[in-house]
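**Student:** Quick one: the structure is below, and I'll ask about it shortly.
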Amino acid sequence: MSSGSGADNGHAKEAALYEQQLSKIAEVRAALGKLSGKSALYCSDGSIARYLIARNWDVKKATKMLMKTLKWRSEYKPDEIRWDDISDEAVTGKNYRCDYFDKSGRSILVMRPSCQNTKNAKGQVRNLVYCMEHAILNLPPGQDQMVWLIDFAGFGMSHLSLHVTKLTADVLQGHYPERLGVAILYNAPRFFESFWKIASLILEPKTRNKVKFVYSDDPESSKIMEDLFNMDELECAFGGRSQASFNITDYAARMREDDNKMPLFWSPENSALASEPYLMKNHGSQQCSSGLKTEETALDKIEEKTENVSEKSEEVDSTSEETEETEDASEERGQTEILSEKRRETEADSVKDETETRSEKKEETESSTVKLTTSSGEGITSSDKGGSSSDP
């Protein structure tokens, strides 16, 4: 077979696959029924495809996932969050959108956990959602993903939070599928590895595979940065040559400008949003079912159980919103329970030791010979006198 005919055959297969994928997008659209307002704008071919890709082109699962997002967006209203709503969270630069893109034209979000300045987990997630919405707002035509740059400078044990990590993963994976292109964990400390082993279990395989560890003293991993970014634009904190750093005044002004663009972005007149096409090249040659479906992961096989647990968790979260329980309160309660358990164990051990000591003393008293002293000072035993051990 000539190289020309081989290429033609490859193009034909890709074209057939693409038609199957478009057919599945149409199935999801039909399953959703008639939509209006922002929901109709949100459900473009490109958007529906992201949910199908996240669920290995399973129409039923993708539809269910998308419907949850539509409900979440109608209630959470992420596109209506404004700078003044999250400025207190953003003031330290712990999360912000860069004013440049990577080599593929993807928006870049910088995260610095060591700059954490609040203890409100929900407020922290709200700030992240604001950043992601603005990252999407500023994407160039033909690009639909973003890059996360996570700087671990100054990171300590006190900055670890499995609770916030789970909330972040839930929002990212549940409502922004296939929006993350790659996440760079830059100079993560050694102790983070143990935390990562636990935290990574929260992530779906697709998301977990997008996480890359990069170390400034490792030439091989540092090459990842050179492949992804224009080093003249990249901050020196990440090995780039730019001396620019986060400036709250400049950033606030830029975000306010974005705030003004957001209503126009979500207006019915924005035909580009509703008509965003599905571009196979953006996500690789993702396969779909009918013999071409990708192999299901273990996560897919237990998805039904996981979703049930998630739904129960959402009910608990809804109840907890009424009491406004913070992460610290939860962690403090957990620590208190642990301490209480240890205290109970200690008290039990103490009682046990005291009981054993008393028993030993009693045995010594019963087995020992009680000495009696005569008026002249001569010591005699009770057995010599023929009296009992209690005789004076």
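Labeling convention for the structure tokens: chains A, B, ... as they appear, residues from 1 per chain, ligands from 1 in order of appearance.
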Need the shell around Met262 of chain A: protein/DNA/RNA residues with any atom at most 8 Å away, counting only C-alpha atoms. Skip same-chain ones fewer than 4 positions apart. Format as a PyMOL selection string?

**Tutor:** chain A and resi 79-80+137+258+266

**Student:** Could you name the residues that touch Val28 of chain A at 12 Å or less, counting only C-alpha atoms, but leaving out those on the same chain fewer than 4 positions away, as a PyMOL selection string?

**Tutor:** chain A and resi 21-24+32-34+43-45+47-52+57-67

**Student:** Show me, as a PyMOL selection string, the residues that have an atom within 12 Å of Met255 of chain A when counting only C-alpha atoms, minus same-chain residues fewer than 2 positions from it.

**Tutor:** chain A and resi 81-87+90+96-99+130-131+133-135+137-138+248-253+257-262

**Student:** Output C-alpha atoms of each residue in that selection to a file, as an mmCIF file, in the first residue's frame.

**Tutor:**
data_model
loop_
_atom_site.group_PDB
_atom_site.id
_atom_site.type_symbol
_atom_site.label_atom_id
_atom_site.label_comp_id
_atom_site.auth_asym_id
_atom_site.auth_seq_id
_atom_site.Cartn_x
_atom_site.Cartn_y
_atom_site.Cartn_z
ATOM 1 C CA ILE A 81 -19.618 36.969 40.187
ATOM 2 C CA ARG A 82 -17.870 40.344 40.118
ATOM 3 C CA TRP A 83 -14.558 41.693 41.359
ATOM 4 C CA ASP A 84 -16.102 43.327 44.418
ATOM 5 C CA ASP A 85 -17.538 39.943 45.415
ATOM 6 C CA ILE A 86 -14.145 38.258 45.654
ATOM 7 C CA SER A 87 -11.605 41.081 46.038
ATOM 8 C CA ALA A 90 -7.831 37.940 45.664
ATOM 9 C CA TYR A 96 -5.056 35.239 39.364
ATOM 10 C CA ARG A 97 -5.285 35.213 35.582
ATOM 11 C CA CYS A 98 -2.145 36.214 33.704
ATOM 12 C CA ASP A 99 -2.262 38.832 30.954
ATOM 13 C CA TYR A 130 -14.349 33.725 39.125
ATOM 14 C CA CYS A 131 -10.839 33.229 37.746
ATOM 15 C CA GLU A 133 -14.888 32.163 34.152
ATOM 16 C CA HIS A 134 -12.586 35.041 33.204
ATOM 17 C CA ALA A 135 -10.012 32.653 31.786
ATOM 18 C CA LEU A 137 -13.925 34.792 28.652
ATOM 19 C CA ASN A 138 -10.473 35.700 27.316
ATOM 20 C CA ILE A 248 -3.198 44.165 43.040
ATOM 21 C CA THR A 249 -3.964 47.623 41.625
ATOM 22 C CA ASP A 250 -3.235 46.640 38.030
ATOM 23 C CA TYR A 251 -5.007 43.310 38.419
ATOM 24 C CA ALA A 252 -8.128 44.873 39.935
ATOM 25 C CA ALA A 253 -8.372 47.311 37.014
ATOM 26 C CA GLU A 257 -12.690 45.587 32.585
ATOM 27 C CA ASP A 258 -13.484 41.878 32.283
ATOM 28 C CA ASP A 259 -16.536 42.350 34.509
ATOM 29 C CA ASN A 260 -17.872 44.816 31.948
ATOM 30 C CA LYS A 261 -17.331 42.305 29.127
ATOM 31 C CA MET A 262 -19.033 39.397 30.874
#

**Student:** Write out as a VMD selection string all residues of segment 71-248 of chain A that backbone DSSP assigns to strand (DSSP E or B).

**Tutor:** chain A and resid 95 to 101 107 to 111 146 to 151 180 to 186 211 to 214 235 242

**Student:** Keeping N, CA and C atoms for every residue in the selection just given, could you write it to a file as a PDB file, in the first residue's frame?

**Tutor:**
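result_28.pdb, freshly written:
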ATOM      1  N   ASN A  95      -4.650  33.481  43.716  1.00  0.00           N
ATOM      2  CA  ASN A  95      -5.168  33.001  42.424  1.00  0.00           C
ATOM      3  C   ASN A  95      -5.345  34.199  41.506  1.00  0.00           C
ATOM      4  N   TYR A  96      -4.800  34.149  40.304  1.00  0.00           N
ATOM      5  CA  TYR A  96      -5.056  35.239  39.364  1.00  0.00           C
ATOM      6  C   TYR A  96      -4.805  34.794  37.923  1.00  0.00           C
ATOM      7  N   ARG A  97      -5.441  35.509  37.011  1.00  0.00           N
ATOM      8  CA  ARG A  97      -5.285  35.213  35.582  1.00  0.00           C
ATOM      9  C   ARG A  97      -4.184  36.096  35.015  1.00  0.00           C
ATOM     10  N   CYS A  98      -3.248  35.467  34.318  1.00  0.00           N
ATOM     11  CA  CYS A  98      -2.145  36.214  33.704  1.00  0.00           C
ATOM     12  C   CYS A  98      -2.655  37.012  32.505  1.00  0.00           C
ATOM     13  N   ASP A  99      -1.888  38.029  32.125  1.00  0.00           N
ATOM     14  CA  ASP A  99      -2.262  38.832  30.954  1.00  0.00           C
ATOM     15  C   ASP A  99      -1.559  38.336  29.691  1.00  0.00           C
ATOM     16  N   TYR A 100      -1.037  37.109  29.727  1.00  0.00           N
ATOM     17  CA  TYR A 100      -0.427  36.482  28.554  1.00  0.00           C
ATOM     18  C   TYR A 100      -0.917  35.037  28.474  1.00  0.00           C
ATOM     19  N   PHE A 101      -0.628  34.362  27.373  1.00  0.00           N
ATOM     20  CA  PHE A 101      -1.106  32.997  27.144  1.00  0.00           C
ATOM     21  C   PHE A 101       0.079  32.064  26.926  1.00  0.00           C
ATOM     22  N   SER A 107      -5.377  30.261  28.208  1.00  0.00           N
ATOM     23  CA  SER A 107      -5.314  31.182  29.343  1.00  0.00           C
ATOM     24  C   SER A 107      -4.500  30.546  30.464  1.00  0.00           C
ATOM     25  N   ILE A 108      -3.854  31.376  31.275  1.00  0.00           N
ATOM     26  CA  ILE A 108      -3.003  30.877  32.355  1.00  0.00           C
ATOM     27  C   ILE A 108      -3.503  31.405  33.694  1.00  0.00           C
ATOM     28  N   LEU A 109      -3.741  30.486  34.614  1.00  0.00           N
ATOM     29  CA  LEU A 109      -4.098  30.855  35.979  1.00  0.00           C
ATOM     30  C   LEU A 109      -2.926  30.517  36.888  1.00  0.00           C
ATOM     31  N   VAL A 110      -2.471  31.497  37.658  1.00  0.00           N
ATOM     32  CA  VAL A 110      -1.395  31.284  38.619  1.00  0.00           C
ATOM     33  C   VAL A 110      -2.013  31.092  40.005  1.00  0.00           C
ATOM     34  N   MET A 111      -1.502  30.102  40.729  1.00  0.00           N
ATOM     35  CA  MET A 111      -1.992  29.836  42.088  1.00  0.00           C
ATOM     36  C   MET A 111      -0.805  29.760  43.036  1.00  0.00           C
ATOM     37  N   MET A 146      -7.386  25.924  29.524  1.00  0.00           N
ATOM     38  CA  MET A 146      -6.525  26.806  30.302  1.00  0.00           C
ATOM     39  C   MET A 146      -5.388  26.004  30.932  1.00  0.00           C
ATOM     40  N   VAL A 147      -4.403  26.731  31.439  1.00  0.00           N
ATOM     41  CA  VAL A 147      -3.259  26.123  32.114  1.00  0.00           C
ATOM     42  C   VAL A 147      -3.214  26.637  33.545  1.00  0.00           C
ATOM     43  N   TRP A 148      -2.936  25.728  34.489  1.00  0.00           N
ATOM     44  CA  TRP A 148      -2.765  26.134  35.884  1.00  0.00           C
ATOM     45  C   TRP A 148      -1.282  26.080  36.223  1.00  0.00           C
ATOM     46  N   LEU A 149      -0.777  27.166  36.777  1.00  0.00           N
ATOM     47  CA  LEU A 149       0.604  27.228  37.256  1.00  0.00           C
ATOM     48  C   LEU A 149       0.556  27.363  38.777  1.00  0.00           C
ATOM     49  N   ILE A 150       0.944  26.318  39.486  1.00  0.00           N
ATOM     50  CA  ILE A 150       0.854  26.328  40.950  1.00  0.00           C
ATOM     51  C   ILE A 150       2.251  26.459  41.542  1.00  0.00           C
ATOM     52  N   ASP A 151       2.486  27.602  42.192  1.00  0.00           N
ATOM     53  CA  ASP A 151       3.797  27.936  42.755  1.00  0.00           C
ATOM     54  C   ASP A 151       3.836  27.534  44.226  1.00  0.00           C
ATOM     55  N   LEU A 180      -9.311  22.130  31.635  1.00  0.00           N
ATOM     56  CA  LEU A 180      -7.913  22.133  32.072  1.00  0.00           C
ATOM     57  C   LEU A 180      -7.052  21.403  31.048  1.00  0.00           C
ATOM     58  N   GLY A 181      -6.064  22.124  30.512  1.00  0.00           N
ATOM     59  CA  GLY A 181      -5.144  21.508  29.566  1.00  0.00           C
ATOM     60  C   GLY A 181      -4.001  20.824  30.287  1.00  0.00           C
ATOM     61  N   VAL A 182      -3.413  21.525  31.241  1.00  0.00           N
ATOM     62  CA  VAL A 182      -2.316  20.987  32.042  1.00  0.00           C
ATOM     63  C   VAL A 182      -2.198  21.801  33.327  1.00  0.00           C
ATOM     64  N   ALA A 183      -1.806  21.122  34.395  1.00  0.00           N
ATOM     65  CA  ALA A 183      -1.557  21.790  35.679  1.00  0.00           C
ATOM     66  C   ALA A 183      -0.104  21.546  36.059  1.00  0.00           C
ATOM     67  N   ILE A 184       0.653  22.623  36.224  1.00  0.00           N
ATOM     68  CA  ILE A 184       2.077  22.519  36.589  1.00  0.00           C
ATOM     69  C   ILE A 184       2.229  22.749  38.079  1.00  0.00           C
ATOM     70  N   LEU A 185       2.740  21.754  38.789  1.00  0.00           N
ATOM     71  CA  LEU A 185       3.043  21.903  40.219  1.00  0.00           C
ATOM     72  C   LEU A 185       4.533  22.215  40.312  1.00  0.00           C
ATOM     73  N   TYR A 186       4.841  23.482  40.576  1.00  0.00           N
ATOM     74  CA  TYR A 186       6.216  23.963  40.475  1.00  0.00           C
ATOM     75  C   TYR A 186       6.922  23.965  41.832  1.00  0.00           C
ATOM     76  N   VAL A 211      -1.637  16.536  35.391  1.00  0.00           N
ATOM     77  CA  VAL A 211      -0.803  17.162  36.428  1.00  0.00           C
ATOM     78  C   VAL A 211       0.656  16.809  36.205  1.00  0.00           C
ATOM     79  N   LYS A 212       1.500  17.838  36.135  1.00  0.00           N
ATOM     80  CA  LYS A 212       2.934  17.642  35.910  1.00  0.00           C
ATOM     81  C   LYS A 212       3.733  18.292  37.042  1.00  0.00           C
ATOM     82  N   PHE A 213       4.660  17.540  37.615  1.00  0.00           N
ATOM     83  CA  PHE A 213       5.552  18.082  38.633  1.00  0.00           C
ATOM     84  C   PHE A 213       6.802  18.627  37.945  1.00  0.00           C
ATOM     85  N   VAL A 214       7.130  19.875  38.220  1.00  0.00           N
ATOM     86  CA  VAL A 214       8.304  20.508  37.617  1.00  0.00           C
ATOM     87  C   VAL A 214       9.175  21.081  38.724  1.00  0.00           C
ATOM     88  N   GLU A 235       6.849  34.503  34.171  1.00  0.00           N
ATOM     89  CA  GLU A 235       7.434  35.102  35.369  1.00  0.00           C
ATOM     90  C   GLU A 235       8.716  34.371  35.782  1.00  0.00           C
ATOM     91  N   SER A 242      10.693  37.105  32.607  1.00  0.00           N
ATOM     92  CA  SER A 242       9.941  38.315  32.924  1.00  0.00           C
ATOM     93  C   SER A 242      10.072  38.668  34.408  1.00  0.00           C
TER      94      SER A 242
END

**Student:** One number please: atom CA of Glu178 of chain A to atom CA of Phe152 of chain A, in Å, one decimal.

**Tutor:**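 Going from atom CA of Glu178 of chain A over to atom CA of Phe152 of chain A, I get 24.4 Å.
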
**Student:** Pick out the residues sitting within 12 Å of His159 of chain A, and hand them over as a list in words; count only C-alpha atoms, and ignore anything fewer than 4 positions along from it in its own chain.

**Tutor:** Lys94, Arg112, Pro113, Ser114, Cys115, Gln116, Asn117, Thr118, Lys119, Phe152, Ala153, Gly154, Phe155, His163, Val164, Thr165, Pro189, Phe191, Phe192, Phe195 and Asp328 of chain A

**Student:** Can I get the selected residues back with N, CA and C atoms, as a compact mmCIF listing (two decimals), in the first residue's frame?

**Tutor:**
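Contents of selection05.txt, freshly written:
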# COMPACT_ATOMS: atom_id res chain seq x y z
N LYS A 94 -3.22 35.00 45.51
CA LYS A 94 -3.15 33.54 45.64
C LYS A 94 -3.71 32.83 44.41
N ARG A 112 -0.94 30.44 44.16
CA ARG A 112 0.11 30.43 45.18
C ARG A 112 -0.52 30.10 46.53
N PRO A 113 -0.58 28.82 46.88
CA PRO A 113 -1.22 28.39 48.13
C PRO A 113 -0.65 29.06 49.38
N SER A 114 0.64 29.42 49.34
CA SER A 114 1.25 30.03 50.53
C SER A 114 0.73 31.44 50.77
N CYS A 115 0.03 32.01 49.80
CA CYS A 115 -0.54 33.36 49.94
C CYS A 115 -1.98 33.31 50.46
N GLN A 116 -2.38 32.14 50.95
CA GLN A 116 -3.74 32.01 51.47
C GLN A 116 -3.99 33.02 52.59
N ASN A 117 -5.09 33.74 52.51
CA ASN A 117 -5.36 34.81 53.47
C ASN A 117 -6.71 34.70 54.16
N THR A 118 -7.48 33.63 53.85
CA THR A 118 -8.77 33.45 54.51
C THR A 118 -8.94 31.99 54.92
N LYS A 119 -9.95 31.75 55.74
CA LYS A 119 -10.25 30.39 56.18
C LYS A 119 -11.61 29.93 55.68
N PHE A 152 4.78 26.66 44.58
CA PHE A 152 4.87 26.16 45.95
C PHE A 152 5.89 26.91 46.80
N ALA A 153 6.35 28.06 46.35
CA ALA A 153 7.29 28.86 47.14
C ALA A 153 6.63 29.24 48.47
N GLY A 154 7.33 29.00 49.58
CA GLY A 154 6.80 29.35 50.89
C GLY A 154 5.72 28.43 51.41
N PHE A 155 5.48 27.32 50.70
CA PHE A 155 4.42 26.39 51.08
C PHE A 155 4.81 25.58 52.30
N HIS A 163 -9.93 19.28 52.33
CA HIS A 163 -11.30 19.78 52.15
C HIS A 163 -11.38 20.73 50.95
N VAL A 164 -10.49 21.72 50.89
CA VAL A 164 -10.50 22.68 49.78
C VAL A 164 -10.11 21.97 48.47
N THR A 165 -9.18 21.03 48.56
CA THR A 165 -8.78 20.27 47.38
C THR A 165 -9.97 19.52 46.79
N PRO A 189 7.25 20.76 47.64
CA PRO A 189 8.16 20.20 48.65
C PRO A 189 7.96 18.70 48.79
N PHE A 191 7.37 16.83 51.37
CA PHE A 191 6.27 16.35 52.21
C PHE A 191 4.93 16.39 51.47
N PHE A 192 4.87 17.16 50.37
CA PHE A 192 3.63 17.24 49.61
C PHE A 192 3.32 15.93 48.91
N PHE A 195 0.80 13.89 50.73
CA PHE A 195 -0.53 14.48 50.60
C PHE A 195 -1.09 14.20 49.20
N ASP A 328 -12.06 25.24 59.06
CA ASP A 328 -11.34 25.20 60.32
C ASP A 328 -12.18 24.55 61.41

**Student:** Report, in Å to a single decimal, how far apart atom CA of Ile202 of chain A and atom CA of Arg73 of chain A are.

**Tutor:**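 One can read the atom CA of Arg73 of chain A to atom CA of Ile202 of chain A distance as 22.4 Å.
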
**Student:** My list of candidates is A:Ser104, A:Asn187, A:Asn247, A:Asn56. Which is closest to Asp227 of chain A when distances are computed with only C-alpha atoms?

**Tutor:**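 Ranking A:Ser104, A:Asn187, A:Asn247, A:Asn56 by distance to Asp227 of chain A, first place goes to A:Ser104.
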
**Student:** Please measure the separation of atom CA of Glu226 of chain A and atom CA of Lys103 of chain A, giving the value in Å to one decimal.

**Tutor:** 9.6 Å

**Student:** Can you check which residues of segment 155-253 of chain A DSSP gives as helix (DSSP H, G or I) on the backbone and send them as a PyMOL selection string?

**Tutor:** chain A and resi 157-159+162-175+192-202+205-208+219-228+236-238+248-253
